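A.B. asks: Can you keep this structure in mind? I'll have questions shortly.
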Amino acid sequence: MSKICYVRMDEVTPDQFLPLLNKQKIRTHLIKHHLFDEETTKEWMADKVEMDSNPKCRVRAVIVDSCLAGWCGIQLEEGKYEIAIVLDDDFWGAGKRVFQKIMEWAREFKHQTLLIHFLNTRPKYKFLQKMARSVCETELMGNKFTTYELIV
């Protein structure tokens with residue numbers, strides 16, 4: 001079984017994150033945005049560090065077997081707490097364990113519910129539908145999502 005570590009975003013360098021943020025297979029499932037460069041990667045990482053400073057949020061880089069696999073966390077967006085998991089496709093098999101870790105954090109923070117948004121390019125997830133209080137289509141920044149409201 002792979003070893004997964006969760007490290008603060010400022011423990012990873014922008015040049016480690018840059019290729020991951022620009023990888024086409026990852027971008028397919030994210031809101032369309034310009035390719036990152038060194039400066040925009042630094043800004044993005046600083047935003048994640050700032051989000052991590054919120055008392056009921058946690059944002060971490062995900063390291064699998066000493067390789068940067070992506071990032072995950074509980075974020076506050078538009079007054080609601082949401083889960084974010086973005087993993088390189090080489091590490092998608094670790095997604096379930098990352099999700100379980102985030103749910104541990106949510107219980108630690110005493111969240112009652114969390115949202116998770118999947119761009120409409122992604123399939124519906126039966127295991128999330130079973131956990132969800134509700135499932136609906138939402139629109140964020142001009143994109144359509146399937147949004148699950150999960151009971152912690």
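Every chain in the structure tokens takes a letter, A first, then B, and so on in the order presented; its residues are numbered from 1, and the ligands are numbered from 1 following the presented order.
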Excluding Ser53 of chain A and its own-chain neighbours fewer than 6 positions away, which residues fall within 12 Å of it when counting only C-alpha atoms? Please give them as a list in words.
C.D. replies: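 The contact residues come out as Arg8, Met9, Ala46, Asp47, Val59, Arg60, Ile74, Gln75 and Leu76 of chain A.
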A.B. asks: Each residue of segment 20-82 of chain A lying at most 12 Å from segment 88-103 of chain A should get a row with its shortest atom-to-atom pair and the distance in Å to one decimal, counting only C-alpha atoms; could you produce that, ordered by chain and increasing number, as a tab-separated table?
C.D. replies:
```
residue	atom	partner	partner_atom	distance
A:Leu20	CA	A:Asp88	CA	6.7
A:Leu21	CA	A:Asp88	CA	9.0
A:Asn22	CA	A:Asp88	CA	10.5
A:Lys23	CA	A:Asp88	CA	8.1
A:Gln24	CA	A:Asp88	CA	10.1
A:Lys25	CA	A:Asp89	CA	7.1
A:Ile26	CA	A:Asp88	CA	6.5
A:Arg27	CA	A:Asp88	CA	10.1
A:Thr28	CA	A:Asp89	CA	11.1
A:His29	CA	A:Asp89	CA	11.0
A:Lys56	CA	A:Ile102	CA	11.8
A:Cys57	CA	A:Ile102	CA	10.2
A:Arg58	CA	A:Ile102	CA	8.6
A:Val59	CA	A:Ile102	CA	9.6
A:Arg60	CA	A:Ile102	CA	10.1
A:Ala61	CA	A:Val98	CA	10.8
A:Val62	CA	A:Val98	CA	8.2
A:Ile63	CA	A:Phe91	CA	9.8
A:Val64	CA	A:Phe91	CA	7.7
A:Asp65	CA	A:Phe91	CA	10.3
A:Cys67	CA	A:Phe91	CA	9.7
A:Leu68	CA	A:Asp88	CA	8.5
A:Ala69	CA	A:Asp88	CA	5.5
A:Gly70	CA	A:Asp88	CA	5.9
A:Trp71	CA	A:Asp88	CA	9.2
A:Cys72	CA	A:Val98	CA	7.6
A:Gly73	CA	A:Ile102	CA	6.5
A:Ile74	CA	A:Ile102	CA	7.1
A:Gln75	CA	A:Ile102	CA	10.8
A:Tyr81	CA	A:Ile102	CA	11.9
A:Glu82	CA	A:Ile102	CA	10.3
```
A.B. asks: Would you mind exporting N, CA and C atoms of the selected residues as a tab-separated table (two decimals), in the first residue's frame?
C.D. replies:
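Output contents, as saved in again-v4.tsv:
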```tsv
chain	number	residue	atom	x	y	z
A	20	LEU	N	2.01	19.96	-12.66
A	20	LEU	CA	0.75	19.34	-12.24
A	20	LEU	C	-0.43	20.24	-12.57
A	21	LEU	N	-0.32	21.53	-12.26
A	21	LEU	CA	-1.41	22.48	-12.51
A	21	LEU	C	-1.71	22.64	-14.00
A	22	ASN	N	-0.71	22.41	-14.84
A	22	ASN	CA	-0.89	22.58	-16.28
A	22	ASN	C	-1.14	21.27	-17.02
A	23	LYS	N	-1.19	20.16	-16.32
A	23	LYS	CA	-1.39	18.87	-16.97
A	23	LYS	C	-2.79	18.79	-17.56
A	24	GLN	N	-2.87	18.49	-18.86
A	24	GLN	CA	-4.15	18.52	-19.57
A	24	GLN	C	-5.18	17.57	-18.97
A	25	LYS	N	-4.77	16.39	-18.56
A	25	LYS	CA	-5.73	15.41	-18.02
A	25	LYS	C	-6.38	15.94	-16.74
A	26	ILE	N	-5.66	16.71	-15.95
A	26	ILE	CA	-6.22	17.32	-14.74
A	26	ILE	C	-7.12	18.49	-15.13
A	27	ARG	N	-6.66	19.31	-16.05
A	27	ARG	CA	-7.40	20.51	-16.46
A	27	ARG	C	-8.76	20.16	-17.07
A	28	THR	N	-8.88	18.97	-17.63
A	28	THR	CA	-10.14	18.53	-18.23
A	28	THR	C	-11.28	18.56	-17.22
A	29	HIS	N	-10.97	18.32	-15.96
A	29	HIS	CA	-11.99	18.22	-14.92
A	29	HIS	C	-12.05	19.44	-14.01
A	56	LYS	N	-11.52	26.64	10.28
A	56	LYS	CA	-12.20	25.38	9.96
A	56	LYS	C	-11.82	24.87	8.57
A	57	CYS	N	-10.66	25.34	8.08
A	57	CYS	CA	-10.17	24.93	6.76
A	57	CYS	C	-8.82	24.23	6.92
A	58	ARG	N	-8.52	23.39	5.97
A	58	ARG	CA	-7.19	22.78	5.90
A	58	ARG	C	-6.93	22.48	4.44
A	59	VAL	N	-5.81	22.95	3.94
A	59	VAL	CA	-5.41	22.72	2.55
A	59	VAL	C	-3.99	22.16	2.57
A	60	ARG	N	-3.82	21.03	1.90
A	60	ARG	CA	-2.53	20.34	1.94
A	60	ARG	C	-2.13	19.84	0.57
A	61	ALA	N	-0.82	19.79	0.35
A	61	ALA	CA	-0.27	19.07	-0.79
A	61	ALA	C	-0.32	17.58	-0.43
A	62	VAL	N	-0.59	16.76	-1.42
A	62	VAL	CA	-0.67	15.32	-1.22
A	62	VAL	C	0.59	14.70	-1.80
A	63	ILE	N	1.33	13.99	-0.95
A	63	ILE	CA	2.55	13.31	-1.35
A	63	ILE	C	2.29	11.81	-1.27
A	64	VAL	N	2.49	11.10	-2.37
A	64	VAL	CA	2.31	9.65	-2.39
A	64	VAL	C	3.66	9.04	-2.72
A	65	ASP	N	4.16	8.23	-1.79
A	65	ASP	CA	5.47	7.58	-1.98
A	65	ASP	C	6.54	8.58	-2.44
A	67	CYS	N	6.29	11.36	-3.96
A	67	CYS	CA	6.00	12.13	-5.18
A	67	CYS	C	4.82	13.06	-4.93
A	68	LEU	N	4.91	14.28	-5.44
A	68	LEU	CA	3.78	15.19	-5.36
A	68	LEU	C	2.66	14.64	-6.23
A	69	ALA	N	1.53	14.32	-5.60
A	69	ALA	CA	0.41	13.72	-6.31
A	69	ALA	C	-0.69	14.72	-6.59
A	70	GLY	N	-0.72	15.83	-5.84
A	70	GLY	CA	-1.78	16.82	-6.02
A	70	GLY	C	-2.01	17.61	-4.75
A	71	TRP	N	-3.25	18.02	-4.56
A	71	TRP	CA	-3.59	18.77	-3.36
A	71	TRP	C	-5.03	18.47	-2.97
A	72	CYS	N	-5.35	18.77	-1.72
A	72	CYS	CA	-6.69	18.51	-1.23
A	72	CYS	C	-6.99	19.46	-0.08
A	73	GLY	N	-8.26	19.49	0.32
A	73	GLY	CA	-8.55	20.28	1.48
A	73	GLY	C	-10.02	20.56	1.70
A	74	ILE	N	-10.24	21.26	2.79
A	74	ILE	CA	-11.54	21.83	3.11
A	74	ILE	C	-11.37	23.33	2.96
A	75	GLN	N	-12.17	23.91	2.08
A	75	GLN	CA	-12.06	25.34	1.77
A	75	GLN	C	-13.38	26.03	2.06
A	81	TYR	N	-18.50	25.58	3.28
A	81	TYR	CA	-17.30	24.75	3.29
A	81	TYR	C	-17.42	23.67	2.24
A	82	GLU	N	-16.34	23.48	1.51
A	82	GLU	CA	-16.34	22.49	0.44
A	82	GLU	C	-15.06	21.68	0.45
```
A.B. asks: Using only C-alpha atoms, which of the listed residues (A:Val12, A:Cys5, A:Val152, A:Ala132) sits closest to Lys110 of chain A?
C.D. replies: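 When distances to Lys110 of chain A are compared using only C-alpha atoms, the smallest one comes from A:Val152.
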A.B. asks: Of the candidates A:Pro123, A:Pro19, A:Lys42, A:Val49, which shows the shortest atom-to-atom distance to Val7 of chain A, using only C-alpha atoms?
C.D. replies: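 Counting only C-alpha atoms, the residue closest to Val7 of chain A is A:Val49.
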A.B. asks: By how many Å are atom CA of Asp10 of chain A and atom CA of Lys48 of chain A apart?
C.D. replies: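 Atom-to-atom, atom CA of Asp10 of chain A to atom CA of Lys48 of chain A, that is 9.0 Å.
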A.B. asks: Extract the full set of helix (DSSP H, G or I) residues from chain A according to DSSP on the backbone, and format it as a PyMOL selection string.
C.D. replies: chain A and resi 9-11+14-21+24-27+38-52+89-108+126-131
A.B. asks: Can you work out the spacing between atom CA of Ser2 of chain A and atom CA of Arg122 of chain A in Å, to one decimal?
C.D. replies: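 That distance, rounded to one decimal, is 25.1 Å.
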A.B. asks: Between atom CA of Tyr148 of chain A and atom CA of Leu128 of chain A, what is the spacing in Å?
C.D. replies: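 Rounded to one decimal, the two atoms are 7.1 Å apart.
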